[in-house]
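Colleague: Before I ask anything, let me first share the structure, which is written out below as structure tokens.
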Amino acid sequence: MLKAMDGCILVIFGAYSDLTKRKLLPALYNLQKSGKLSNNFAVVCAGRRNKSWEEYIKDMKAAAGNHVENMDETVWIELRERIYYSKLDFNDKTGYRKLNSTCGRIDKMHNTKGNRIFYMASSASFFESITDNLKRNNMIDNKNTWQRVVIEKPFGKDKETAKGLNNKLRRYFKEKDIYRIDHYLAKEMIQNILVLRFANILFEPVWCNTYIDNVQIISAEVDGVGNRAGYYDSSGALRDMIQNHILQLLALITMEKPGIMDSAGIRKEKTRILKSIKKFKEDKSNIIVLGQYGPGYTGAKYVKGYKEEQGVPSNSRTETLAALKLEIENERWEGVPFYILTGKRLSQKTTCVIVNFKEASASLFKGNCNELENNAIIISIQPKEGVIYRFNGRKAGSENSILPVNMDYCHNCTYEKNSPESYERLLEDAAKGNSSLFTGWEEVESSWELVDSIIEFNRRNCILPFIYESGSKGLKEVEKLTAQDNRIWYGWENCNKNT
Ligand code: BG6
């Protein structure tokens, strides 16, 4: 069997980072378990702590063990044999010489041929220093061997800083060797959106303002900020979720059909649509709502409010929830509002897209006992993966009553185990040199242009977050966004409902 990860070393900067513990090592474990790691593949974890290999492996086993299903000892032993720990202060120029010779030694042991994936899993403040030092120590060659860089978000704090970082990367790497992560793009149902839209005659003709009334994109989380306050408090929901995941989702839902279904073709169309989202220039304060979680209960568990979380200033005004109305200025979408919501500490974890169609023209069936509803397509991204088509049908056995019914396709019911985790797929693709599930620079830049305009709009209009109770099921402040347009807010509680 051809192994997905072959002939390279994955160098992770941030050996003890949250990302390494919660996502990268569990993903590597699952890849090992499914036989996708070849003998010619190794992992070097670089971090500042003074640890022996034994200590590092012990710490990682405990950390990753919490994020995989019933860790199998044999699989872990196979994996740990290819993991190396290298102590490195990311700003210390001389440390990279040692890292380079460690990698050279591992090349000989694992036949990894000088090829590298440099994975930036550290705090974003080190990204530039790491790339400079890699260059200085001749660790980027891309002639006889290949080197790719994987950059985690945040990719900048605004358009200017993102541009600065990008220019730096482009000095040393070609665009094709820069892998900007947006892990949402590797989610099964997000990959399914273009198939749904462009491989089905049923959907393609109605995907426009003649038939669609409004679209709602919801990403609700139960978790709070956890131990990431240092990053999150200067970011907030707009930068953390909207600039990347939500806008990528919106782009896939609304972009035109690419000439060729390849990475460049898709990126071009995504960029075009992102550029045509109306910037927040006019001062109409009824198109955005910001919130911050207060204390409350998620399930039966009492949880602190955002301001009481460790590392958050007690006077923080950072938004942990953002709901807004977006408009796209092109022929296909003119007049269709896109209502977006993302928030932490809500009652349910769910991500979904609701495409609400206009009223059917025949009103023949209106009245009496009928509960006619407009048609809708609900794309559930997580935790349920699938698509629901909601339409009107005749009530069985009735004289002529009509009621809304669901056609429900469950995507993750067809797998034996859950669909592969995003990070498994992303690591595999980076090793294979397939960048189609990573974001191109133009998309990042266009998303920042929009988000910068929203942040500036909030500043001008003094829009501050209202406090909502943790575990909230619905928020009237958010529902106002649709109510003022005489539309109904779908609500995160409805996304995972079965037929
Ligand atoms: C990350 C954000 O990119 O996505 C987090 O930084 C957020 O704040 C997370 O919790 C959500 O990802 P998922 O896959 O759990 O929906």
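Each chain in the structure tokens gets a letter, A, B, ..., in the order shown, and its residues are numbered from 1; ligands are numbered from 1 in order too.
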Around ligand 1, at most 7 Å away and counting only C-alpha atoms and all ligand atoms, which residues are there? Put them as a list in words, please.

Modeller: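 Using only C-alpha atoms and all ligand atoms, everything at most 7 Å from ligand 1 comes to His183, Tyr184, Glu221, Val225, Asp240 and Met241 of chain A.
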
Colleague: Could those residues be written to a file, using all heavy atoms, as a PDB file, in the first residue's frame?

Modeller:
ATOM      1  N   HIS A 183      -8.542  24.733   9.350  1.00  0.00           N
ATOM      2  CA  HIS A 183      -8.897  23.313   9.502  1.00  0.00           C
ATOM      3  C   HIS A 183     -10.352  23.034   9.117  1.00  0.00           C
ATOM      4  O   HIS A 183     -10.728  21.902   8.878  1.00  0.00           O
ATOM      5  CB  HIS A 183      -8.569  22.799  10.911  1.00  0.00           C
ATOM      6  CG  HIS A 183      -9.528  23.225  11.981  1.00  0.00           C
ATOM      7  ND1 HIS A 183      -9.474  24.445  12.581  1.00  0.00           N
ATOM      8  CD2 HIS A 183     -10.572  22.585  12.550  1.00  0.00           C
ATOM      9  CE1 HIS A 183     -10.435  24.531  13.479  1.00  0.00           C
ATOM     10  NE2 HIS A 183     -11.121  23.415  13.490  1.00  0.00           N
ATOM     11  N   TYR A 184     -11.173  24.093   9.001  1.00  0.00           N
ATOM     12  CA  TYR A 184     -12.559  23.858   8.579  1.00  0.00           C
ATOM     13  C   TYR A 184     -12.624  23.291   7.159  1.00  0.00           C
ATOM     14  O   TYR A 184     -13.505  22.541   6.826  1.00  0.00           O
ATOM     15  CB  TYR A 184     -13.383  25.151   8.690  1.00  0.00           C
ATOM     16  CG  TYR A 184     -14.099  25.247  10.017  1.00  0.00           C
ATOM     17  CD1 TYR A 184     -13.418  24.997  11.198  1.00  0.00           C
ATOM     18  CD2 TYR A 184     -15.451  25.568  10.093  1.00  0.00           C
ATOM     19  CE1 TYR A 184     -14.062  25.063  12.422  1.00  0.00           C
ATOM     20  CE2 TYR A 184     -16.107  25.631  11.321  1.00  0.00           C
ATOM     21  CZ  TYR A 184     -15.404  25.381  12.479  1.00  0.00           C
ATOM     22  OH  TYR A 184     -16.038  25.435  13.684  1.00  0.00           O
ATOM     23  N   GLU A 221     -20.511  26.993  19.923  1.00  0.00           N
ATOM     24  CA  GLU A 221     -19.627  26.110  20.705  1.00  0.00           C
ATOM     25  C   GLU A 221     -20.079  26.077  22.154  1.00  0.00           C
ATOM     26  O   GLU A 221     -20.642  27.055  22.658  1.00  0.00           O
ATOM     27  CB  GLU A 221     -18.204  26.657  20.683  1.00  0.00           C
ATOM     28  CG  GLU A 221     -17.555  26.629  19.326  1.00  0.00           C
ATOM     29  CD  GLU A 221     -16.108  27.098  19.422  1.00  0.00           C
ATOM     30  OE1 GLU A 221     -15.303  26.401  20.044  1.00  0.00           O
ATOM     31  OE2 GLU A 221     -15.809  28.185  18.897  1.00  0.00           O
ATOM     32  N   VAL A 225     -13.111  29.856  26.499  1.00  0.00           N
ATOM     33  CA  VAL A 225     -11.812  30.218  25.920  1.00  0.00           C
ATOM     34  C   VAL A 225     -10.691  29.271  26.390  1.00  0.00           C
ATOM     35  O   VAL A 225      -9.608  29.241  25.805  1.00  0.00           O
ATOM     36  CB  VAL A 225     -11.525  31.699  26.236  1.00  0.00           C
ATOM     37  CG1 VAL A 225     -11.266  31.881  27.719  1.00  0.00           C
ATOM     38  CG2 VAL A 225     -10.392  32.231  25.414  1.00  0.00           C
ATOM     39  N   ASP A 240     -11.018  35.484  15.285  1.00  0.00           N
ATOM     40  CA  ASP A 240     -10.746  34.069  15.559  1.00  0.00           C
ATOM     41  C   ASP A 240     -11.563  33.134  14.663  1.00  0.00           C
ATOM     42  O   ASP A 240     -11.073  32.094  14.235  1.00  0.00           O
ATOM     43  CB  ASP A 240     -11.070  33.780  17.036  1.00  0.00           C
ATOM     44  CG  ASP A 240     -10.747  32.350  17.432  1.00  0.00           C
ATOM     45  OD1 ASP A 240      -9.613  31.916  17.184  1.00  0.00           O
ATOM     46  OD2 ASP A 240     -11.639  31.652  17.973  1.00  0.00           O
ATOM     47  N   MET A 241     -12.812  33.484  14.388  1.00  0.00           N
ATOM     48  CA  MET A 241     -13.687  32.555  13.648  1.00  0.00           C
ATOM     49  C   MET A 241     -14.176  33.124  12.318  1.00  0.00           C
ATOM     50  O   MET A 241     -14.245  32.420  11.325  1.00  0.00           O
ATOM     51  CB  MET A 241     -14.924  32.206  14.501  1.00  0.00           C
ATOM     52  CG  MET A 241     -14.653  31.348  15.701  1.00  0.00           C
ATOM     53  SD  MET A 241     -14.151  29.654  15.313  1.00  0.00           S
ATOM     54  CE  MET A 241     -15.628  28.933  14.639  1.00  0.00           C
TER      55      MET A 241
END

Colleague: Name the residues of segment 353-490 of chain A that come out as helix (DSSP H, G or I) in a backbone DSSP run; write them as number ranges by chain.

Modeller: A: 412-414, 422-432, 441-460, 476-483

Colleague: At a cut-off of 10 Å, can you tabulate as CSV every residue of segment 326-387 of chain A near segment 288-307 of chain A together with its closest atom pair and the distance in Å to one decimal, using only C-alpha atoms and ordering rows by chain then number?

Modeller:
residue,atom,partner,partner_atom,distance
A:Leu326,CA,A:Ile288,CA,9.3
A:Tyr339,CA,A:Ile288,CA,9.6
A:Ile340,CA,A:Ile288,CA,9.4
A:Leu341,CA,A:Val289,CA,9.2
A:Thr342,CA,A:Leu290,CA,9.8
A:Gly343,CA,A:Gly291,CA,8.1
A:Lys344,CA,A:Tyr293,CA,7.4
A:Arg345,CA,A:Tyr293,CA,6.6
A:Leu346,CA,A:Thr298,CA,7.5
A:Ser347,CA,A:Thr298,CA,6.1
A:Gln348,CA,A:Thr298,CA,8.5

Colleague: What's the 10 Å shell around Asn144 of chain A, counting only C-alpha atoms, without same-chain residues fewer than 2 positions away, as JSON, numbers by chain?

Modeller: {"A": [113, 114, 115, 141, 142, 146]}

Colleague: Using the selection just defined, write its residues with N, CA and C atoms as a compact mmCIF listing (two decimals), in the first residue's frame.

Modeller:
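Final file, selection.txt:
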# COMPACT_ATOMS: atom_id res chain seq x y z
N LYS A 113 15.50 11.84 3.33
CA LYS A 113 16.00 12.52 2.12
C LYS A 113 16.13 14.04 2.18
N GLY A 114 16.16 14.62 3.36
CA GLY A 114 16.30 16.08 3.45
C GLY A 114 15.00 16.85 3.26
N ASN A 115 13.89 16.13 3.05
CA ASN A 115 12.61 16.82 2.85
C ASN A 115 11.97 17.16 4.20
N ASP A 141 15.93 24.83 1.09
CA ASP A 141 16.72 24.64 -0.12
C ASP A 141 15.80 24.64 -1.34
N ASN A 142 14.83 23.68 -1.34
CA ASN A 142 13.87 23.55 -2.42
C ASN A 142 14.49 23.44 -3.81
N TRP A 146 12.86 19.07 -0.86
CA TRP A 146 11.77 20.04 -0.74
C TRP A 146 11.51 20.41 0.73

Colleague: Asn167 of chain A: which residues within 12 Å, counting only C-alpha atoms, same-chain residues fewer than 6 positions away excluded, as a PyMOL selection string?

Modeller: chain A and resi 128+131+156+160-161+173-175+178+441

Colleague: I need the chosen residues saved as a PDB file, in the first residue's frame, with N, CA, C and O atoms.

Modeller:
ATOM      1  N   GLU A 128       7.822  34.629  12.349  1.00  0.00           N
ATOM      2  CA  GLU A 128       8.802  35.304  11.495  1.00  0.00           C
ATOM      3  C   GLU A 128      10.226  34.940  11.893  1.00  0.00           C
ATOM      4  O   GLU A 128      11.076  34.676  11.048  1.00  0.00           O
ATOM      5  N   THR A 131      11.145  31.415  10.638  1.00  0.00           N
ATOM      6  CA  THR A 131      11.473  31.312   9.201  1.00  0.00           C
ATOM      7  C   THR A 131      12.825  31.978   8.894  1.00  0.00           C
ATOM      8  O   THR A 131      13.622  31.438   8.131  1.00  0.00           O
ATOM      9  N   GLY A 156      -1.779  36.792  10.894  1.00  0.00           N
ATOM     10  CA  GLY A 156      -1.837  38.245  11.091  1.00  0.00           C
ATOM     11  C   GLY A 156      -2.972  38.634  12.022  1.00  0.00           C
ATOM     12  O   GLY A 156      -3.775  37.783  12.449  1.00  0.00           O
ATOM     13  N   GLU A 160      -2.664  44.478   7.321  1.00  0.00           N
ATOM     14  CA  GLU A 160      -1.272  44.929   7.252  1.00  0.00           C
ATOM     15  C   GLU A 160      -0.302  43.903   7.828  1.00  0.00           C
ATOM     16  O   GLU A 160       0.722  43.572   7.232  1.00  0.00           O
ATOM     17  N   THR A 161      -0.633  43.385   9.033  1.00  0.00           N
ATOM     18  CA  THR A 161       0.286  42.419   9.651  1.00  0.00           C
ATOM     19  C   THR A 161       0.299  41.108   8.852  1.00  0.00           C
ATOM     20  O   THR A 161       1.332  40.447   8.748  1.00  0.00           O
ATOM     21  N   PHE A 173       9.864  31.084   0.542  1.00  0.00           N
ATOM     22  CA  PHE A 173       9.091  29.963  -0.002  1.00  0.00           C
ATOM     23  C   PHE A 173       8.240  30.444  -1.168  1.00  0.00           C
ATOM     24  O   PHE A 173       7.747  31.571  -1.154  1.00  0.00           O
ATOM     25  N   LYS A 174       8.019  29.540  -2.133  1.00  0.00           N
ATOM     26  CA  LYS A 174       7.084  29.864  -3.212  1.00  0.00           C
ATOM     27  C   LYS A 174       5.674  29.673  -2.659  1.00  0.00           C
ATOM     28  O   LYS A 174       5.470  28.907  -1.709  1.00  0.00           O
ATOM     29  N   GLU A 175       4.691  30.324  -3.295  1.00  0.00           N
ATOM     30  CA  GLU A 175       3.302  30.186  -2.834  1.00  0.00           C
ATOM     31  C   GLU A 175       2.909  28.703  -2.720  1.00  0.00           C
ATOM     32  O   GLU A 175       2.247  28.287  -1.791  1.00  0.00           O
ATOM     33  N   ILE A 178       3.677  27.137   0.618  1.00  0.00           N
ATOM     34  CA  ILE A 178       3.117  27.732   1.849  1.00  0.00           C
ATOM     35  C   ILE A 178       1.732  27.141   2.075  1.00  0.00           C
ATOM     36  O   ILE A 178       0.850  27.264   1.221  1.00  0.00           O
ATOM     37  N   TRP A 441      -3.154  33.122  -0.485  1.00  0.00           N
ATOM     38  CA  TRP A 441      -2.930  34.461   0.073  1.00  0.00           C
ATOM     39  C   TRP A 441      -4.058  35.431  -0.282  1.00  0.00           C
ATOM     40  O   TRP A 441      -4.536  36.194   0.551  1.00  0.00           O
TER      41      TRP A 441
END

Colleague: Could you pull out the strand (DSSP E) residues of segment 178-425 of chain A, going by DSSP on the backbone, and write them as a PyMOL selection string?

Modeller: chain A and resi 178-180+212-220+288-298+301-303+321-326+338-343+350-357+376-382+386-394+402-410

Colleague: Identify which of the residues A:Lys87, A:Lys3, A:Arg317, A:Lys163 lies closest to Asn458 of chain A, counting only C-alpha atoms when measuring atom-to-atom distances.

Modeller: A:Arg317

Colleague: Pick the closest to Val355 of chain A from A:Phe466, A:Tyr423, A:Tyr409, A:Trp489: which is it, counting only C-alpha atoms?

Modeller: A:Trp489

Colleague: What's around Ile454 of chain A at 6 Å? Count only C-alpha atoms, leave out sequence neighbours fewer than 3 positions away in its own chain, and write the answer as a list of chain:residue names.

Modeller: A:Phe280, A:Val451, A:Phe457
